[in-house]
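*Asks:* Dropping a structure here in structure tokens format, bear with me for questions.
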Amino acid sequence: MADNSSLVGGESLRQINDRVIIVQVLVMIFLCINSLLIMTFFKKECFYTTTRYILFALTLLSDSMILLLTDFLLIMNYFGFTMQVGLCIVICFMLYIFYKVTSVTLTAMTLERYVAICMPLRHGELCSTRNTFHCILIIHGLSSVPCIVILSTLFASVSLSFYSQFILCSMEMFLVHKWQDHLMSAINQFYFLIMIITIVFCYVKIMKVAKVASGENKKSTSKGLRTVLLHGFQLVLCLIQLWCPLIESAILQIDLILFIQVRYFNHIIFGLAPRCLSPLIYGLRDEKFFLELKSYTFFSLYRKRNLRTAPLQFLYS
């Protein structure tokens, strides 16, 4: 009986290790792609002075931080490492802000497409570089509000001794009362509702312009419609990810093994997969950015090849 249980335990540990390795591979791939896109962004002045590319770079940075922090917490939790509550609060709420920054930035990018297509004469004025940086400050301010509210309820609900404890770090640890869980869910759904209404409004307006457009304008508006739809899809994935902890906490009460499997599935599908959508939407679909990315990649590979062959040429000369 003991041999059987140890065999099952060994098999489970091997399975968990395999899962962690798979996640590490995916995280490394996505981080490499994001890093390449960020370096491409800084290569041309037209990218870091144009609103949509600046907001695109913001989503890349935010997604990269989400990948790093979630991967850190995944490794800590899977191998049973604990940390002090104070440090855990900092990490979890940084992560929560980055999640919100990504969602709010997607909405801002949709509004930028709306202005570009439906208000082309005012696009240069409204989407200037100065206004874009003001927009980034507003995005971070709006993203911080839910975090401040939840932190305030936490500080009012626990004693000072709570912060010196060592725990397995997760966001659920800070929802000490049921009403805090409901409050967090209500805030998330309110934000999502506002963002979805904004995206639907922009989609309808762009669709009206697309119906009367012709030639090159029609092609541009059709591409804008597809971009808005993709942003909507990203937001739906973001909302599902915010619901995941509620589903997981309910499953945890039923079965621990099922909880681990569901959490792993949610992390891959709703945690990692949405992080690769921004590179696909702008890094590959945007012709100007894709051409620069391709030339930068080929130039880097060609340069590395020359650096490797140079010592050999010197020896044979």
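FYI, nothing fancy with the structure tokens labels: chains A, B, ... in order, residues from 1 per chain, ligands from 1 as they appear.
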Hey, what's within 10 Å of A:Met39 if we count only C-alpha atoms and toss same-chain stuff fewer than 3 positions away? As an mmCIF file with all heavy atoms, in the first residue's frame, please?

*Replies:*
```cif
data_model
loop_
_atom_site.group_PDB
_atom_site.id
_atom_site.type_symbol
_atom_site.label_atom_id
_atom_site.label_comp_id
_atom_site.auth_asym_id
_atom_site.auth_seq_id
_atom_site.Cartn_x
_atom_site.Cartn_y
_atom_site.Cartn_z
ATOM 1 N N ASN A 34 8.325 39.382 -27.197
ATOM 2 C CA ASN A 34 8.032 40.728 -26.694
ATOM 3 C C ASN A 34 9.283 41.608 -26.677
ATOM 4 O O ASN A 34 9.222 42.793 -27.028
ATOM 5 C CB ASN A 34 7.425 40.659 -25.296
ATOM 6 C CG ASN A 34 5.980 40.200 -25.313
ATOM 7 O OD1 ASN A 34 5.422 39.911 -26.365
ATOM 8 N ND2 ASN A 34 5.350 40.134 -24.158
ATOM 9 N N SER A 35 10.417 41.027 -26.273
ATOM 10 C CA SER A 35 11.676 41.791 -26.232
ATOM 11 C C SER A 35 12.089 42.239 -27.626
ATOM 12 O O SER A 35 12.526 43.386 -27.820
ATOM 13 C CB SER A 35 12.793 40.940 -25.611
ATOM 14 O OG SER A 35 12.455 40.547 -24.309
ATOM 15 N N LEU A 36 11.935 41.343 -28.598
ATOM 16 C CA LEU A 36 12.271 41.676 -29.987
ATOM 17 C C LEU A 36 11.386 42.802 -30.517
ATOM 18 O O LEU A 36 11.858 43.732 -31.179
ATOM 19 C CB LEU A 36 12.107 40.424 -30.858
ATOM 20 C CG LEU A 36 12.506 40.535 -32.333
ATOM 21 C CD1 LEU A 36 13.984 40.878 -32.463
ATOM 22 C CD2 LEU A 36 12.199 39.239 -33.067
ATOM 23 N N PHE A 42 11.841 50.818 -30.647
ATOM 24 C CA PHE A 42 12.777 51.922 -30.410
ATOM 25 C C PHE A 42 13.720 52.178 -31.589
ATOM 26 O O PHE A 42 14.542 53.094 -31.532
ATOM 27 C CB PHE A 42 13.604 51.662 -29.145
ATOM 28 C CG PHE A 42 12.826 51.853 -27.878
ATOM 29 C CD1 PHE A 42 12.410 50.762 -27.119
ATOM 30 C CD2 PHE A 42 12.489 53.130 -27.443
ATOM 31 C CE1 PHE A 42 11.684 50.942 -25.948
ATOM 32 C CE2 PHE A 42 11.772 53.319 -26.272
ATOM 33 C CZ PHE A 42 11.356 52.220 -25.527
ATOM 34 N N LYS A 43 13.595 51.409 -32.643
ATOM 35 C CA LYS A 43 14.492 51.553 -33.781
ATOM 36 C C LYS A 43 14.134 52.722 -34.686
ATOM 37 O O LYS A 43 14.993 53.276 -35.357
ATOM 38 C CB LYS A 43 14.520 50.254 -34.607
ATOM 39 C CG LYS A 43 15.345 49.142 -33.997
ATOM 40 C CD LYS A 43 16.815 49.504 -34.029
ATOM 41 C CE LYS A 43 17.652 48.526 -33.215
ATOM 42 N NZ LYS A 43 19.066 48.904 -33.194
ATOM 43 N N LYS A 44 12.860 53.067 -34.766
ATOM 44 C CA LYS A 44 12.421 54.136 -35.663
ATOM 45 C C LYS A 44 11.662 55.212 -34.903
ATOM 46 O O LYS A 44 10.830 54.891 -34.055
ATOM 47 C CB LYS A 44 11.549 53.562 -36.781
ATOM 48 C CG LYS A 44 12.315 53.138 -38.014
ATOM 49 C CD LYS A 44 11.381 52.983 -39.204
ATOM 50 C CE LYS A 44 12.168 52.793 -40.480
ATOM 51 N NZ LYS A 44 11.277 52.689 -41.655
ATOM 52 N N ALA A 57 3.467 49.395 -27.357
ATOM 53 C CA ALA A 57 4.653 49.124 -26.535
ATOM 54 C C ALA A 57 4.282 49.025 -25.053
ATOM 55 O O ALA A 57 4.846 48.211 -24.312
ATOM 56 C CB ALA A 57 5.693 50.221 -26.745
ATOM 57 N N LEU A 293 10.409 44.987 -38.289
ATOM 58 C CA LEU A 293 10.759 43.815 -37.478
ATOM 59 C C LEU A 293 11.553 42.813 -38.302
ATOM 60 O O LEU A 293 12.565 42.269 -37.835
ATOM 61 C CB LEU A 293 9.476 43.163 -36.941
ATOM 62 C CG LEU A 293 9.616 41.837 -36.197
ATOM 63 C CD1 LEU A 293 10.394 42.019 -34.899
ATOM 64 C CD2 LEU A 293 8.239 41.238 -35.881
ATOM 65 N N TYR A 296 15.035 44.218 -39.084
ATOM 66 C CA TYR A 296 15.859 44.232 -37.861
ATOM 67 C C TYR A 296 16.317 42.819 -37.509
ATOM 68 O O TYR A 296 17.484 42.601 -37.155
ATOM 69 C CB TYR A 296 15.059 44.830 -36.707
ATOM 70 C CG TYR A 296 15.758 44.746 -35.366
ATOM 71 C CD1 TYR A 296 16.924 45.454 -35.121
ATOM 72 C CD2 TYR A 296 15.247 43.932 -34.352
ATOM 73 C CE1 TYR A 296 17.564 45.382 -33.901
ATOM 74 C CE2 TYR A 296 15.886 43.852 -33.122
ATOM 75 C CZ TYR A 296 17.040 44.573 -32.907
ATOM 76 O OH TYR A 296 17.680 44.483 -31.700
#
```

*Asks:* Can you pull out the residues contacting stretch 189-192 of chain A? Cut-off 12 Å, using only C-alpha atoms, and skip same-chain residues under 3 positions away; I want them as a PyMOL selection string.

*Replies:* chain A and resi 99-101+103-104+106-107+142-143+145-146+182-186+195-199+232+234-243

*Asks:* Quick one: pull the distance between atom CA of A:Gly271 and atom CA of A:Phe98, Å, one decimal.

*Replies:* 12.5 Å

*Asks:* I'd like the neighbourhood of A:Asn17 as a PyMOL selection string, where a residue qualifies if any of its atoms comes within 10 Å (using only C-alpha atoms), though same-chain residues fewer than 6 positions away should be ignored.

*Replies:* chain A and resi 11+23+75+78-79

*Asks:* Can you list, as JSON, numbers by chain, all residues belonging to stretch 61-210 of chain A that DSSP tags as strand (DSSP E)?

*Replies:* {"A": [83, 84, 166, 167]}

*Asks:* I need the chosen residues saved as a CSV table (one decimal), in the first residue's frame, with N, CA and C atoms.

*Replies:*
```csv
chain,number,residue,atom,x,y,z
A,83,MET,N,6.5,33.1,1.5
A,83,MET,CA,7.2,34.4,1.6
A,83,MET,C,6.4,35.2,2.6
A,84,GLN,N,7.0,36.3,3.1
A,84,GLN,CA,6.3,37.1,4.0
A,84,GLN,C,5.2,37.8,3.4
A,166,PHE,N,4.3,34.0,7.2
A,166,PHE,CA,4.8,33.5,5.9
A,166,PHE,C,3.8,32.6,5.3
A,167,ILE,N,3.5,32.8,4.0
A,167,ILE,CA,2.4,32.1,3.3
A,167,ILE,C,2.8,31.7,1.9
```

*Asks:* Provide the atom CA of A:Ser170 to atom CA of A:Val158 distance in Å, to one decimal place.

*Replies:*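 Separation of atom CA of A:Ser170 and atom CA of A:Val158: 16.5 Å.
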
*Asks:* With only C-alpha atoms counted and 7 Å as the cut-off, give the residues of stretch 77-130 of chain A in contact with stretch 203-212 of chain A, each with its shortest interatomic distance in Å and the pair that gives it, as CSV.

*Replies:*
```
residue,atom,partner,partner_atom,distance
A:Tyr114,CA,A:Ile206,CA,6.4
A:Ile117,CA,A:Ile206,CA,6.7
A:Cys118,CA,A:Ile206,CA,6.4
```

*Asks:* From the set A:Lys294, A:Lys223, A:His231, A:Arg263, which residue has the shortest atom-to-atom contact distance to A:Leu277, counting only C-alpha atoms?

*Replies:*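 Closest residue, counting only C-alpha atoms: A:His231.
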
*Asks:* Atom CA of A:Met171 to atom CA of A:Thr153: how many Å, to one decimal?

*Replies:*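 So the answer is 13.8 Å.
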
*Asks:* Find the residues near A:Leu61: any atom within 12 Å, counting only C-alpha atoms, skip ones fewer than 5 places away on the same chain, and give them as a PyMOL selection string.

*Replies:* chain A and resi 30-31+33-39+41+54-56+66-68+98-99+101-102+105+275+278-279
